[in-house]
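These notes are about the structure you will find just below.
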Amino acid sequence: MESRFSSVKKSKTFREMLNKYDLKSKKVLDIGCGLGQYLVNFGSGSVGLTSTLSEVEYGKNNNINIIKGNAELIDGFGLGVYDAIWANNLIEHILSPHSFLIKLKKVSSDKTILILGVPVFPFPLFLLKLKRFKGSLASNHINFFTKKTLEKTVERAGWEILESRSFLFSNKFIDYLFSIFSPHIYIVAKNVVDFNYPVKKINEWKDDDYYKNLLNVVK
């Protein structure tokens, strides 16, 4: 278990994002937080969310603020609003990425930033045959993205992308070039508070109780 914490401490990628976005002083919601290996580095008032009871117990025993809950029901927890949302290696596991991204608006202000870490298909696709690039094909993943489809998924849920890259290199130009081939991408985005669905989509959904909840979230 402790190896997770030491790996995060050694991660140049995480350290760069931690410093660049001043996450050490921000109130962060860490969704799919595991044991809290990222959470312990965030600012006062930060909270971790997990669906795994043993991780909640670990948090209690180690003074880490972890609560139990399903990420896809996040709009119903009454969690308040956060300066930043951290969700690393999560969205590929959940049933509805779009619905999840919309519901994040319930815990966001106009200044909230979202950081998503997601395994993606590299370009060119034959790289998937190499062990280094097979992470996106893990058997417990149910969603699959390229860098471009991930970006479009985030944008169409009302988030404005600020950065989309691997964060392996401090030089943004070099990192951008590498990100074309990278097996893992971080999306940094800000909440578009006046986002709404196109009229055509609203008309499609307005009489369907299943979709009314999403329409209500973005009002």
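By convention in this document, the chains of the structure tokens carry letters A, B, ... by their order, each chain's residues are numbered from 1, and ligands are numbered from 1 in the order they are shown.
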Check range 174-204 of chain A with DSSP on the backbone and list each residue it calls alpha helix (DSSP H), as JSON, numbers by chain. {"A": [174, 175, 176, 177, 178, 179, 199, 200, 201, 202, 203, 204]}
Output C-alpha atoms of each residue in that selection to a file, as a CSV table (one decimal), in the first residue's frame.
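The resulting file, selection.csv, is shown below:
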```csv
chain,number,residue,atom,x,y,z
A,174,ILE,CA,8.2,19.1,-26.7
A,175,ASP,CA,5.5,17.7,-24.4
A,176,TYR,CA,2.8,18.4,-27.0
A,177,LEU,CA,4.8,16.6,-29.7
A,178,PHE,CA,5.3,13.6,-27.4
A,179,SER,CA,1.6,13.6,-26.4
A,199,VAL,CA,-32.0,23.5,-28.7
A,200,LYS,CA,-32.3,20.4,-30.9
A,201,LYS,CA,-31.0,18.2,-28.0
A,202,ILE,CA,-33.2,19.9,-25.4
A,203,ASN,CA,-36.2,19.2,-27.6
A,204,GLU,CA,-35.2,15.6,-28.0
```
Which residues of range 134-204 of chain A come within 12 Å of range 85-88 of chain A, and what is each one's closest atom pair and distance in Å (one decimal), counting only C-alpha atoms, sorted by chain and residue number, as a tab-separated table?
```
residue	atom	partner	partner_atom	distance
A:His184	CA	A:Asn88	CA	10.1
A:Ile185	CA	A:Asn88	CA	9.9
A:Tyr186	CA	A:Asn88	CA	8.3
A:Ile187	CA	A:Asn88	CA	10.0
A:Val188	CA	A:Trp86	CA	9.5
A:Ala189	CA	A:Ile85	CA	9.9
A:Lys190	CA	A:Ile85	CA	10.0
A:Asn191	CA	A:Ile85	CA	10.6
```
Would you kindly return, as a PyMOL selection string, each protein, DNA or RNA residue with an atom no farther than 12 Å from any atom of Ile102 in chain A, considering only C-alpha atoms and excluding same-chain residues fewer than 6 positions away? chain A and resi 71-75+96+108+114+153-159+191-193+195-197+211+213-219
Next, the residues of the selection above should be written as an mmCIF file, in the first residue's frame with N, CA and C atoms.
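And here is the file that came out, selection_16.cif:
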```cif
data_model
loop_
_atom_site.group_PDB
_atom_site.id
_atom_site.type_symbol
_atom_site.label_atom_id
_atom_site.label_comp_id
_atom_site.auth_asym_id
_atom_site.auth_seq_id
_atom_site.Cartn_x
_atom_site.Cartn_y
_atom_site.Cartn_z
ATOM 1 N N ALA A 71 -19.111 7.591 -7.911
ATOM 2 C CA ALA A 71 -18.773 8.820 -8.634
ATOM 3 C C ALA A 71 -19.883 9.260 -9.586
ATOM 4 N N GLU A 72 -20.636 8.311 -10.113
ATOM 5 C CA GLU A 72 -21.668 8.659 -11.087
ATOM 6 C C GLU A 72 -22.924 9.231 -10.438
ATOM 7 N N LEU A 73 -22.964 9.222 -9.100
ATOM 8 C CA LEU A 73 -24.087 9.814 -8.364
ATOM 9 C C LEU A 73 -23.645 11.067 -7.619
ATOM 10 N N ILE A 74 -22.564 11.651 -8.058
ATOM 11 C CA ILE A 74 -21.897 12.717 -7.312
ATOM 12 C C ILE A 74 -22.778 13.952 -7.117
ATOM 13 N N ASP A 75 -23.735 14.166 -7.980
ATOM 14 C CA ASP A 75 -24.596 15.345 -7.859
ATOM 15 C C ASP A 75 -25.568 15.244 -6.691
ATOM 16 N N SER A 96 -21.102 6.144 -17.709
ATOM 17 C CA SER A 96 -21.467 7.260 -18.586
ATOM 18 C C SER A 96 -20.522 8.440 -18.389
ATOM 19 N N SER A 108 -18.849 22.496 -8.721
ATOM 20 C CA SER A 108 -17.915 23.428 -9.365
ATOM 21 C C SER A 108 -18.465 24.851 -9.374
ATOM 22 N N LEU A 114 -10.790 21.328 -13.657
ATOM 23 C CA LEU A 114 -10.909 19.872 -13.693
ATOM 24 C C LEU A 114 -9.637 19.292 -14.282
ATOM 25 N N THR A 153 -15.083 14.853 -25.959
ATOM 26 C CA THR A 153 -16.006 14.419 -24.909
ATOM 27 C C THR A 153 -16.071 15.439 -23.786
ATOM 28 N N VAL A 154 -14.915 15.963 -23.390
ATOM 29 C CA VAL A 154 -14.850 16.966 -22.327
ATOM 30 C C VAL A 154 -15.508 18.269 -22.776
ATOM 31 N N GLU A 155 -15.202 18.712 -23.968
ATOM 32 C CA GLU A 155 -15.762 19.963 -24.492
ATOM 33 C C GLU A 155 -17.284 19.904 -24.606
ATOM 34 N N ARG A 156 -17.818 18.781 -25.086
ATOM 35 C CA ARG A 156 -19.257 18.662 -25.303
ATOM 36 C C ARG A 156 -20.042 18.520 -23.990
ATOM 37 N N ALA A 157 -19.317 18.412 -22.876
ATOM 38 C CA ALA A 157 -19.971 18.381 -21.565
ATOM 39 C C ALA A 157 -19.825 19.718 -20.849
ATOM 40 N N GLY A 158 -19.404 20.746 -21.567
ATOM 41 C CA GLY A 158 -19.375 22.077 -20.988
ATOM 42 C C GLY A 158 -18.133 22.409 -20.197
ATOM 43 N N TRP A 159 -16.991 21.918 -20.656
ATOM 44 C CA TRP A 159 -15.709 22.254 -20.037
ATOM 45 C C TRP A 159 -14.768 22.791 -21.108
ATOM 46 N N ASN A 191 -14.648 25.100 -15.900
ATOM 47 C CA ASN A 191 -16.092 24.969 -16.007
ATOM 48 C C ASN A 191 -16.689 26.110 -16.830
ATOM 49 N N VAL A 192 -17.475 25.767 -17.828
ATOM 50 C CA VAL A 192 -18.226 26.764 -18.599
ATOM 51 C C VAL A 192 -19.591 26.890 -17.920
ATOM 52 N N VAL A 193 -19.763 27.914 -17.091
ATOM 53 C CA VAL A 193 -20.941 27.980 -16.232
ATOM 54 C C VAL A 193 -22.232 28.264 -17.002
ATOM 55 N N PHE A 195 -22.941 26.981 -19.897
ATOM 56 C CA PHE A 195 -23.131 25.903 -20.869
ATOM 57 C C PHE A 195 -24.582 25.431 -20.891
ATOM 58 N N ASN A 196 -25.069 25.145 -22.077
ATOM 59 C CA ASN A 196 -26.357 24.484 -22.222
ATOM 60 C C ASN A 196 -26.317 23.635 -23.477
ATOM 61 N N TYR A 197 -27.205 22.661 -23.535
ATOM 62 C CA TYR A 197 -27.293 21.819 -24.711
ATOM 63 C C TYR A 197 -27.911 22.584 -25.886
ATOM 64 N N TYR A 211 -33.628 11.817 -19.028
ATOM 65 C CA TYR A 211 -32.709 12.874 -19.414
ATOM 66 C C TYR A 211 -32.975 14.203 -18.721
ATOM 67 N N ASN A 213 -32.924 14.995 -15.729
ATOM 68 C CA ASN A 213 -31.948 15.290 -14.668
ATOM 69 C C ASN A 213 -30.730 16.007 -15.206
ATOM 70 N N LEU A 214 -30.230 15.574 -16.367
ATOM 71 C CA LEU A 214 -29.080 16.245 -16.973
ATOM 72 C C LEU A 214 -29.428 17.672 -17.387
ATOM 73 N N LEU A 215 -30.620 17.853 -17.930
ATOM 74 C CA LEU A 215 -31.049 19.189 -18.337
ATOM 75 C C LEU A 215 -31.155 20.111 -17.119
ATOM 76 N N ASN A 216 -31.592 19.566 -15.998
ATOM 77 C CA ASN A 216 -31.710 20.358 -14.773
ATOM 78 C C ASN A 216 -30.346 20.747 -14.208
ATOM 79 N N VAL A 217 -29.362 19.877 -14.352
ATOM 80 C CA VAL A 217 -28.023 20.161 -13.831
ATOM 81 C C VAL A 217 -27.416 21.376 -14.504
ATOM 82 N N VAL A 218 -27.633 21.514 -15.803
ATOM 83 C CA VAL A 218 -26.962 22.596 -16.538
ATOM 84 C C VAL A 218 -27.780 23.887 -16.590
ATOM 85 N N LYS A 219 -28.956 23.901 -15.966
ATOM 86 C CA LYS A 219 -29.756 25.122 -15.952
ATOM 87 C C LYS A 219 -29.102 26.178 -15.080
#
```
CA of Pro122 in chain A to CA of Lys148 in chain A measures 10.6 Å
From a backbone DSSP assignment, name each residue in range 74-184 of chain A labelled strand (DSSP E), as an mmCIF file with N, CA and C atoms, in the first residue's frame.
```
data_model
loop_
_atom_site.group_PDB
_atom_site.id
_atom_site.type_symbol
_atom_site.label_atom_id
_atom_site.label_comp_id
_atom_site.auth_asym_id
_atom_site.auth_seq_id
_atom_site.Cartn_x
_atom_site.Cartn_y
_atom_site.Cartn_z
ATOM 1 N N TYR A 82 -15.765 22.966 -4.982
ATOM 2 C CA TYR A 82 -14.313 22.796 -4.831
ATOM 3 C C TYR A 82 -13.553 23.686 -5.802
ATOM 4 N N ASP A 83 -12.319 24.003 -5.416
ATOM 5 C CA ASP A 83 -11.452 24.808 -6.279
ATOM 6 C C ASP A 83 -10.962 23.997 -7.473
ATOM 7 N N ALA A 84 -10.786 22.694 -7.246
ATOM 8 C CA ALA A 84 -10.284 21.814 -8.302
ATOM 9 C C ALA A 84 -10.863 20.423 -8.108
ATOM 10 N N ILE A 85 -10.979 19.711 -9.218
ATOM 11 C CA ILE A 85 -11.417 18.310 -9.205
ATOM 12 C C ILE A 85 -10.313 17.485 -9.850
ATOM 13 N N TRP A 86 -9.875 16.464 -9.146
ATOM 14 C CA TRP A 86 -8.825 15.573 -9.629
ATOM 15 C C TRP A 86 -9.446 14.195 -9.846
ATOM 16 N N ALA A 87 -9.334 13.663 -11.061
ATOM 17 C CA ALA A 87 -9.870 12.338 -11.366
ATOM 18 C C ALA A 87 -8.881 11.627 -12.284
ATOM 19 N N ASN A 88 -8.010 10.837 -11.693
ATOM 20 C CA ASN A 88 -6.955 10.166 -12.450
ATOM 21 C C ASN A 88 -7.293 8.686 -12.609
ATOM 22 N N SER A 108 -18.849 22.496 -8.721
ATOM 23 C CA SER A 108 -17.915 23.428 -9.365
ATOM 24 C C SER A 108 -18.465 24.851 -9.374
ATOM 25 N N SER A 109 -17.524 25.797 -9.336
ATOM 26 C CA SER A 109 -17.853 27.209 -9.541
ATOM 27 C C SER A 109 -17.291 27.628 -10.896
ATOM 28 N N ASP A 110 -17.375 28.916 -11.203
ATOM 29 C CA ASP A 110 -16.816 29.395 -12.465
ATOM 30 C C ASP A 110 -15.296 29.383 -12.465
ATOM 31 N N LYS A 111 -14.693 29.190 -11.291
ATOM 32 C CA LYS A 111 -13.232 29.173 -11.186
ATOM 33 C C LYS A 111 -12.662 27.769 -11.003
ATOM 34 N N THR A 112 -13.528 26.785 -10.894
ATOM 35 C CA THR A 112 -13.074 25.407 -10.671
ATOM 36 C C THR A 112 -12.342 24.866 -11.899
ATOM 37 N N ILE A 113 -11.210 24.206 -11.646
ATOM 38 C CA ILE A 113 -10.517 23.511 -12.731
ATOM 39 C C ILE A 113 -10.675 22.005 -12.549
ATOM 40 N N LEU A 114 -10.790 21.328 -13.657
ATOM 41 C CA LEU A 114 -10.909 19.872 -13.693
ATOM 42 C C LEU A 114 -9.637 19.292 -14.282
ATOM 43 N N ILE A 115 -9.056 18.309 -13.599
ATOM 44 C CA ILE A 115 -7.887 17.603 -14.125
ATOM 45 C C ILE A 115 -8.232 16.128 -14.253
ATOM 46 N N LEU A 116 -8.282 15.662 -15.494
ATOM 47 C CA LEU A 116 -8.573 14.263 -15.796
ATOM 48 C C LEU A 116 -7.318 13.589 -16.319
ATOM 49 N N GLY A 117 -6.944 12.471 -15.716
ATOM 50 C CA GLY A 117 -5.860 11.662 -16.243
ATOM 51 C C GLY A 117 -6.453 10.404 -16.865
ATOM 52 N N VAL A 118 -6.178 10.185 -18.153
ATOM 53 C CA VAL A 118 -6.883 9.114 -18.874
ATOM 54 C C VAL A 118 -5.927 8.346 -19.791
ATOM 55 N N PRO A 119 -5.943 7.015 -19.724
ATOM 56 C CA PRO A 119 -5.185 6.245 -20.713
ATOM 57 C C PRO A 119 -5.858 6.348 -22.070
ATOM 58 N N TRP A 159 -16.991 21.918 -20.656
ATOM 59 C CA TRP A 159 -15.709 22.254 -20.037
ATOM 60 C C TRP A 159 -14.768 22.791 -21.108
ATOM 61 N N GLU A 160 -14.120 23.903 -20.815
ATOM 62 C CA GLU A 160 -13.182 24.517 -21.754
ATOM 63 C C GLU A 160 -11.774 24.009 -21.470
ATOM 64 N N ILE A 161 -11.174 23.380 -22.452
ATOM 65 C CA ILE A 161 -9.856 22.771 -22.261
ATOM 66 C C ILE A 161 -8.765 23.841 -22.229
ATOM 67 N N LEU A 162 -7.970 23.793 -21.177
ATOM 68 C CA LEU A 162 -6.836 24.692 -21.024
ATOM 69 C C LEU A 162 -5.546 24.019 -21.501
ATOM 70 N N GLU A 163 -5.411 22.748 -21.200
ATOM 71 C CA GLU A 163 -4.236 21.975 -21.632
ATOM 72 C C GLU A 163 -4.651 20.530 -21.868
ATOM 73 N N SER A 164 -3.971 19.898 -22.796
ATOM 74 C CA SER A 164 -4.200 18.489 -23.092
ATOM 75 C C SER A 164 -2.866 17.884 -23.510
ATOM 76 N N ARG A 165 -2.189 17.258 -22.558
ATOM 77 C CA ARG A 165 -0.852 16.733 -22.840
ATOM 78 C C ARG A 165 -0.420 15.725 -21.781
ATOM 79 N N HIS A 184 -0.969 8.021 -22.071
ATOM 80 C CA HIS A 184 -1.743 8.607 -20.975
ATOM 81 C C HIS A 184 -1.732 10.127 -21.115
#
```
Test item: residues at most 10 Å from Asp22 in chain A, only C-alpha atoms, excluding those fewer than 3 positions along its chain, as a ChimeraX atom specification: /A:16-19,25-26,42-43,84
List the spatial neighbours of Leu79 in chain A as a PDB file with C-alpha atoms, in the first residue's frame - criterion: any atom at most 10 Å away, only C-alpha atoms, same-chain residues fewer than 5 positions off excluded.
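And here's part10.pdb as it stands now:
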```pdb
ATOM      1  CA  LEU A  29     -12.187  16.836  -4.713  1.00  0.00           C
ATOM      2  CA  VAL A  47     -11.912  15.297   0.137  1.00  0.00           C
ATOM      3  CA  ILE A  74     -21.897  12.717  -7.312  1.00  0.00           C
ATOM      4  CA  LYS A 106     -22.776  20.539  -9.165  1.00  0.00           C
ATOM      5  CA  VAL A 107     -19.477  20.662  -7.236  1.00  0.00           C
TER       6      VAL A 107
END
```
Go through A:Val120, A:Leu150, A:Leu101, A:Val40 one by one, measure the shortest atom-to-atom distance of each to Lys134 in chain A using only C-alpha atoms, and give the residue with the smallest value. A:Val120
Residue with smallest distance to Cys33 in chain A - pool A:Arg15, A:Lys9, A:Lys20, A:Lys68, counting only C-alpha atoms: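 Residue with the minimum atom-to-atom distance to Cys33 in chain A: A:Lys68.
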Of the listed residues A:Ser54, A:Ser3, A:Ser182, A:Asn63, that which approaches Arg132 in chain A most closely, counting only C-alpha atoms: A:Ser182
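Counting from CA of Gly36 in chain A, the distance to CA of Phe121 in chain A is 27.2 Å.
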